[in-house]
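One structure below.
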Amino acid sequence: MTTRHGWTATPISADILRGALDLEQTERGVLPHRLPARARQQITDGQLAMSESQPSGVRLAFRTRASAVELDVVATKRVYVGAPTRPDGVYELLVDGRLVDRSAAPAGDTLTIDLPAGTAQTRPGPVETLRFTGLPDVEKDVEIWLPHDETTLLVALRTDAPVRSPRPSGRPVWLHHGSSISHGSNATTPTGTWPALAAASGGAELVNMGFGGGALLDPFTARAMRDAPADLLSVKIGINIVNADLMRLRAFGPAVHGFLDTLREGHPTTPLLVISPICCPLHENTPGPLAPDLTAMREGRVGFQATGDPADVPAGKLTLTVIRDELARIVGERAAADPHLHHLDGLELYGADDHAELPLPDGLHPDPAAHRRIAERFARHAFGRGGPFAPQDR
């Protein structure tokens, strides 16, 4: 549709959106989701509901000769009481796979979260228009990556030339599930999360099901992955289960088996990589639960602390060390009958030496440099010659 100002308005639909499993039509716009509606109906946790609506890895993708693009959005700004102001989410525009521009929506809905009180309130805000100009006047593939950690309603897309659906990329679809580290916490841009960087390096189409606080072996997540198209699968398990103090060792093993069994129902021979936790000194040998460091917050910093007792580990409480051993055992036993199942020790991605050089700023999440290091090592291990995601294995 051509508007009165000469812009072509293109409906925002699944044809031009990548990385989302569902689109919700609302009165104000289209909301991408990384879990399907059936799964969302089973979520009772506000943290997971928020995380899955944050479009990590989600991008608009289309072909056009347009030299100018406008995108109307309503971003959700998170405000944590007592914590430093969060930076605005970043929108990145790529042309033929190369980054050419960035933008941000300075205003939007405001979600105020009081962690000590356990409350959250939302205040509606305005629509913001992002403008990208000076693009080459040739037929090209355009991607607009949405902020990885900022829920974004897509209101309208306008261009100064018609838009077509993108050509098939021919790249394998990599479906990955993990925690806030996979979601992209402390990364500063959506293409700077470790899964996005690894996908770019490995030549894969990323579908990122990394959920801040939400990698808890939920059956509805396993079913969503089972039913989603994928050429490559990975699950990164551990940190959220420890810091939520969610289960004991007796329950953890069967839960892992159940999650993997469900994935195999839909993807019986797809390469599947199980990744254990990266180094996190808070929880290496100390169980959860995790709690915000209120002293750090009063000093204007974000920090966390482990509140469990290491003396409870023999009774079944979980630590990262325990989980790494258990995952290695489970995958080793299953791999005897499943040659497409693989294991990666998270310490190979980021270990104690890496923590000494690139410490976790808040005690929990890697900084941008550590995201890059994790991505490089993952890409080398998974997509490199002889790796579980290497082309000869597909």
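Chains: A, B, ... in order of the structure tokens. Residues: from 1 per chain. Ligands: from 1, in order shown.
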Compile a residue-level contact table for segment 288-383 of chain A against segment 277-284 of chain A at a cut-off of 7 Å, reporting for every qualifying residue the shortest atom pair and its distance in Å to one decimal, with only C-alpha atoms counted, rows ordered by chain and ascending number, as a Markdown table.
| residue | atom | partner | partner_atom | distance |
| --- | --- | --- | --- | --- |
| A:Gln305 | CA | A:Leu282 | CA | 6.7 |
| A:Ala306 | CA | A:Leu282 | CA | 5.9 |
| A:Thr319 | CA | A:Glu284 | CA | 5.8 |
| A:Leu320 | CA | A:Glu284 | CA | 4.8 |
| A:Thr321 | CA | A:Glu284 | CA | 5.5 |
| A:Arg324 | CA | A:Pro277 | CA | 6.9 |
| A:Gly346 | CA | A:Ile278 | CA | 4.3 |
| A:Leu347 | CA | A:Ile278 | CA | 5.0 |
| A:Leu349 | CA | A:Ile278 | CA | 6.5 |
| A:Tyr350 | CA | A:Ile278 | CA | 5.3 |
| A:Gly351 | CA | A:Cys279 | CA | 5.0 |
| A:Ala352 | CA | A:Cys279 | CA | 6.1 |
| A:Gly363 | CA | A:Leu282 | CA | 6.8 |
| A:Leu364 | CA | A:Cys280 | CA | 6.3 |
Just-selected residues, N, CA and C atoms written as a compact mmCIF listing (two decimals), in the first residue's frame:
# COMPACT_ATOMS: atom_id res chain seq x y z
N GLN A 305 23.95 -12.43 44.71
CA GLN A 305 24.64 -13.25 45.71
C GLN A 305 23.94 -14.59 45.85
N ALA A 306 24.74 -15.63 46.08
CA ALA A 306 24.19 -16.96 46.34
C ALA A 306 23.89 -17.08 47.82
N THR A 319 24.61 -27.55 42.47
CA THR A 319 25.57 -26.50 42.15
C THR A 319 25.96 -26.68 40.69
N LEU A 320 26.69 -25.73 40.14
CA LEU A 320 27.13 -25.87 38.76
C LEU A 320 28.06 -27.06 38.59
N THR A 321 28.91 -27.30 39.58
CA THR A 321 29.81 -28.44 39.50
C THR A 321 29.03 -29.75 39.45
N ARG A 324 27.29 -30.06 35.95
CA ARG A 324 28.21 -30.44 34.86
C ARG A 324 28.47 -31.94 34.87
N GLY A 346 30.63 -26.46 29.42
CA GLY A 346 30.59 -25.01 29.36
C GLY A 346 31.89 -24.33 29.75
N LEU A 347 32.71 -25.01 30.53
CA LEU A 347 34.00 -24.43 30.91
C LEU A 347 34.94 -24.29 29.72
N LEU A 349 33.91 -23.03 27.00
CA LEU A 349 33.50 -21.75 26.42
C LEU A 349 33.97 -20.58 27.27
N TYR A 350 33.92 -20.74 28.59
CA TYR A 350 34.30 -19.67 29.52
C TYR A 350 34.59 -20.35 30.85
N GLY A 351 35.89 -20.40 31.18
CA GLY A 351 36.31 -21.08 32.39
C GLY A 351 36.90 -20.15 33.42
N ALA A 352 37.57 -20.71 34.39
CA ALA A 352 38.12 -19.91 35.49
C ALA A 352 39.15 -18.90 35.00
N GLY A 363 28.48 -10.57 38.44
CA GLY A 363 28.65 -11.86 39.08
C GLY A 363 27.92 -12.99 38.39
N LEU A 364 27.17 -12.68 37.32
CA LEU A 364 26.31 -13.69 36.72
C LEU A 364 26.39 -13.71 35.20
(message) Which residues are close to Pro314 of chain A, i.e. within 12 Å by only C-alpha atoms, leaving aside same-chain residues fewer than 5 positions away? Reply as number ranges by chain.
(response) A: 248-250, 285-287, 309, 319, 322
(request) Skip segment 115-131 of chain A itself and residues of its chain fewer than 2 positions away, then list as a list in words all residues within 8 Å of it, counting only C-alpha atoms. (result)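 These residues fall inside the cut-off: Ala68, Val69, Glu70, Leu71, Asp72, Val73, Val74, Ala75, Tyr80, Val81, Ser103, Ala104, Ala105, Pro106, Ala107, Gly108, Asp109, Thr110, Leu111, Thr112, Ile113, Thr133, Val155 and Pro292 of chain A.
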(message) Quick check for you: according to DSSP on this backbone, which residues of segment 130-198 of chain A are classed as helix (DSSP H, G or I)? Reply as a PyMOL selection string.
(response) chain A and resi 180-183+190-192+194-198
(request) as number ranges by chain, please: all residues of segment 147-364 of chain A that backbone DSSP puts in strand (DSSP E). (result) A: 152-159, 163-164, 173-178, 205-210, 232-236, 272-275, 290-292, 304-306, 341-344
(request) Select, from A:Val313, A:Ala230, A:Leu153, A:Ala335, the residue with the minimum atom-to-atom distance to Asp245 of chain A, counting only C-alpha atoms. (result)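 That would be A:Val313, the residue with the smallest distance to Asp245 of chain A.
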(message) I'd like to know which of A:Asn240, A:Arg65, A:Thr191, A:Leu318 is closest to Gly134 of chain A, using only C-alpha atoms.
(response) A:Arg65
(request) Determine, counting only C-alpha atoms, which protein, DNA and RNA residues have an atom within 9 Å of an atom of segment 222-225 of chain A; residues of the same chain fewer than 4 positions away are not included. Present the result as a list in words. (result) Leu21, Leu35, Pro36, Arg38, Ala39, Leu175, His176, His177, Met209, Leu217, Asp218, Pro229, Ala230, Leu233, Gly258, Phe259, Leu260, Asp261, Thr262, Leu263 and Gly266 of chain A
Output file for the residues above (all heavy atoms, as a short mmCIF file (atom, residue, chain, number, x, y, z; two decimals), in the first residue's frame):
data_model
loop_
_atom_site.label_atom_id
_atom_site.label_comp_id
_atom_site.auth_asym_id
_atom_site.auth_seq_id
_atom_site.Cartn_x
_atom_site.Cartn_y
_atom_site.Cartn_z
N LEU A 21 8.51 -17.54 17.11
CA LEU A 21 7.66 -18.71 16.95
C LEU A 21 6.19 -18.36 16.84
O LEU A 21 5.36 -19.21 16.48
CB LEU A 21 7.87 -19.69 18.11
CG LEU A 21 9.24 -20.35 18.23
CD1 LEU A 21 9.20 -21.47 19.26
CD2 LEU A 21 9.75 -20.86 16.89
N LEU A 35 7.84 -18.00 22.31
CA LEU A 35 7.13 -19.23 22.67
C LEU A 35 5.75 -19.16 22.04
O LEU A 35 5.13 -18.08 21.99
CB LEU A 35 6.99 -19.38 24.18
CG LEU A 35 8.22 -19.91 24.94
CD1 LEU A 35 7.98 -19.85 26.44
CD2 LEU A 35 8.56 -21.34 24.53
N PRO A 36 5.21 -20.28 21.56
CA PRO A 36 3.89 -20.26 20.95
C PRO A 36 2.79 -20.03 21.97
O PRO A 36 3.00 -20.17 23.18
CB PRO A 36 3.79 -21.63 20.30
CG PRO A 36 4.72 -22.50 21.09
CD PRO A 36 5.84 -21.60 21.53
N ARG A 38 0.20 -21.74 22.86
CA ARG A 38 -0.14 -22.84 23.76
C ARG A 38 0.82 -22.90 24.94
O ARG A 38 0.41 -23.15 26.09
CB ARG A 38 -0.11 -24.17 23.00
CG ARG A 38 -0.50 -25.36 23.86
CD ARG A 38 -0.46 -26.64 23.07
NE ARG A 38 -0.77 -27.80 23.91
CZ ARG A 38 -0.70 -29.05 23.50
NH1 ARG A 38 -0.36 -29.33 22.25
NH2 ARG A 38 -0.98 -30.05 24.32
N ALA A 39 2.09 -22.66 24.69
CA ALA A 39 3.07 -22.65 25.79
C ALA A 39 2.82 -21.47 26.72
O ALA A 39 2.88 -21.60 27.95
CB ALA A 39 4.49 -22.59 25.23
N LEU A 175 18.19 -23.90 16.27
CA LEU A 175 17.26 -23.62 17.36
C LEU A 175 17.99 -23.86 18.67
O LEU A 175 18.41 -24.98 18.96
CB LEU A 175 16.05 -24.54 17.24
CG LEU A 175 14.94 -24.41 18.28
CD1 LEU A 175 14.35 -23.02 18.29
CD2 LEU A 175 13.85 -25.45 18.01
N HIS A 176 18.15 -22.79 19.45
CA HIS A 176 18.94 -22.87 20.68
C HIS A 176 18.10 -22.43 21.88
O HIS A 176 17.38 -21.44 21.82
CB HIS A 176 20.17 -21.97 20.57
CG HIS A 176 20.93 -21.85 21.87
ND1 HIS A 176 21.66 -22.89 22.39
CD2 HIS A 176 21.04 -20.82 22.77
CE1 HIS A 176 22.23 -22.51 23.53
NE2 HIS A 176 21.85 -21.26 23.79
N HIS A 177 18.25 -23.17 22.99
CA HIS A 177 17.57 -22.82 24.23
C HIS A 177 18.60 -22.66 25.35
O HIS A 177 19.52 -23.47 25.47
CB HIS A 177 16.57 -23.91 24.62
CG HIS A 177 15.94 -23.73 25.98
ND1 HIS A 177 15.32 -22.56 26.37
CD2 HIS A 177 15.85 -24.58 27.04
CE1 HIS A 177 14.87 -22.70 27.61
NE2 HIS A 177 15.19 -23.91 28.03
N MET A 209 15.93 -19.27 21.67
CA MET A 209 15.01 -19.50 22.78
C MET A 209 15.77 -19.44 24.10
O MET A 209 15.55 -20.26 25.00
CB MET A 209 14.26 -20.81 22.60
CG MET A 209 13.32 -20.82 21.41
SD MET A 209 12.47 -22.40 21.17
CE MET A 209 11.43 -22.46 22.64
N LEU A 217 13.98 -26.37 32.18
CA LEU A 217 13.52 -27.68 31.73
C LEU A 217 12.00 -27.77 31.72
O LEU A 217 11.42 -28.83 31.97
CB LEU A 217 14.13 -28.80 32.59
CG LEU A 217 15.65 -28.93 32.52
CD1 LEU A 217 16.15 -29.95 33.55
CD2 LEU A 217 16.12 -29.32 31.13
N ASP A 218 11.35 -26.66 31.40
CA ASP A 218 9.88 -26.65 31.35
C ASP A 218 9.39 -27.53 30.21
O ASP A 218 9.86 -27.41 29.07
CB ASP A 218 9.36 -25.23 31.14
CG ASP A 218 9.54 -24.36 32.37
OD1 ASP A 218 9.21 -24.82 33.47
OD2 ASP A 218 10.01 -23.21 32.22
N PRO A 229 10.51 -26.02 13.33
CA PRO A 229 11.48 -26.50 12.33
C PRO A 229 12.90 -26.23 12.81
O PRO A 229 13.19 -25.17 13.37
CB PRO A 229 11.15 -25.67 11.08
CG PRO A 229 9.77 -25.13 11.30
CD PRO A 229 9.62 -24.96 12.79
N ALA A 230 13.80 -27.18 12.61
CA ALA A 230 15.19 -27.00 13.03
C ALA A 230 16.07 -28.00 12.30
O ALA A 230 15.70 -29.17 12.14
CB ALA A 230 15.34 -27.16 14.53
N LEU A 233 20.08 -28.34 16.78
CA LEU A 233 19.47 -28.10 18.09
C LEU A 233 20.56 -27.99 19.15
O LEU A 233 21.55 -28.73 19.12
CB LEU A 233 18.54 -29.25 18.47
CG LEU A 233 17.22 -29.41 17.74
CD1 LEU A 233 16.62 -30.77 18.08
CD2 LEU A 233 16.25 -28.30 18.11
N GLY A 258 13.61 -36.28 30.29
CA GLY A 258 12.30 -35.97 29.73
C GLY A 258 12.37 -34.87 28.68
O GLY A 258 11.70 -34.94 27.64
N PHE A 259 13.18 -33.84 28.95
CA PHE A 259 13.33 -32.75 27.99
C PHE A 259 13.93 -33.27 26.68
O PHE A 259 13.42 -32.98 25.59
CB PHE A 259 14.23 -31.67 28.60
CG PHE A 259 14.10 -30.31 27.96
CD1 PHE A 259 13.26 -29.35 28.50
CD2 PHE A 259 14.85 -29.98 26.83
CE1 PHE A 259 13.14 -28.10 27.92
CE2 PHE A 259 14.74 -28.73 26.25
CZ PHE A 259 13.89 -27.78 26.80
N LEU A 260 14.99 -34.06 26.78
CA LEU A 260 15.63 -34.60 25.59
C LEU A 260 14.72 -35.59 24.86
O LEU A 260 14.69 -35.62 23.62
CB LEU A 260 16.95 -35.26 25.96
CG LEU A 260 18.01 -34.33 26.58
CD1 LEU A 260 19.27 -35.13 26.92
CD2 LEU A 260 18.35 -33.17 25.66
N ASP A 261 13.98 -36.39 25.62
CA ASP A 261 13.02 -37.31 24.99
C ASP A 261 12.02 -36.54 24.13
O ASP A 261 11.67 -36.95 23.02
CB ASP A 261 12.28 -38.12 26.04
CG ASP A 261 13.13 -39.21 26.69
OD1 ASP A 261 14.20 -39.53 26.13
OD2 ASP A 261 12.72 -39.73 27.75
N THR A 262 11.51 -35.43 24.67
CA THR A 262 10.53 -34.64 23.93
C THR A 262 11.15 -34.05 22.67
O THR A 262 10.52 -34.06 21.60
CB THR A 262 9.97 -33.52 24.82
OG1 THR A 262 9.34 -34.10 25.97
CG2 THR A 262 8.94 -32.68 24.07
N LEU A 263 12.36 -33.52 22.76
CA LEU A 263 13.01 -33.00 21.55
C LEU A 263 13.14 -34.09 20.49
O LEU A 263 12.92 -33.85 19.29
CB LEU A 263 14.39 -32.46 21.89
CG LEU A 263 14.47 -31.24 22.82
CD1 LEU A 263 15.92 -30.77 22.93
CD2 LEU A 263 13.59 -30.12 22.33
N GLY A 266 10.24 -34.94 17.95
CA GLY A 266 10.07 -34.16 16.74
C GLY A 266 11.31 -34.10 15.87
O GLY A 266 11.22 -33.80 14.67
#
(request) Within 9 Å of Asp137 of chain A, counting only C-alpha atoms, which residues show up once you throw out same-chain ones fewer than 6 positions away? Write them as a list in words, please. (result) Thr64, Arg65, Ala66 and Ser67 of chain A
Selection above as a file: N, CA and C atoms, as a PDB file, in the first residue's frame:
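Written output follows (result-v2.pdb):
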ATOM      1  N   THR A  64      14.380  -5.303  -1.048  1.00  0.00           N
ATOM      2  CA  THR A  64      13.842  -4.023  -1.494  1.00  0.00           C
ATOM      3  C   THR A  64      14.937  -3.207  -2.164  1.00  0.00           C
ATOM      4  N   ARG A  65      14.510  -2.220  -2.966  1.00  0.00           N
ATOM      5  CA  ARG A  65      15.429  -1.213  -3.496  1.00  0.00           C
ATOM      6  C   ARG A  65      15.384   0.059  -2.652  1.00  0.00           C
ATOM      7  N   ALA A  66      14.636   0.035  -1.570  1.00  0.00           N
ATOM      8  CA  ALA A  66      14.411   1.257  -0.787  1.00  0.00           C
ATOM      9  C   ALA A  66      15.721   1.839  -0.280  1.00  0.00           C
ATOM     10  N   SER A  67      15.782   3.163  -0.303  1.00  0.00           N
ATOM     11  CA  SER A  67      16.920   3.870   0.300  1.00  0.00           C
ATOM     12  C   SER A  67      16.571   4.431   1.666  1.00  0.00           C
TER      13      SER A  67
END
(request) Would you list the contacts of Pro271 of chain A as an MDAnalysis selection string, taking every protein, DNA or RNA residue within 10 Å and counting only C-alpha atoms, but skipping same-chain residues closer than 5 positions in sequence? (result) chainID A and resid 174 230:234 338:342 388:390 393:394
(request) Do a neighbour search on Met247 of chain A at 10 Å with only C-alpha atoms, toss out local chain neighbours closer than 5 positions, and write the hits as a PyMOL selection string. (result) chain A and resi 216+241-242+252+255+316-318
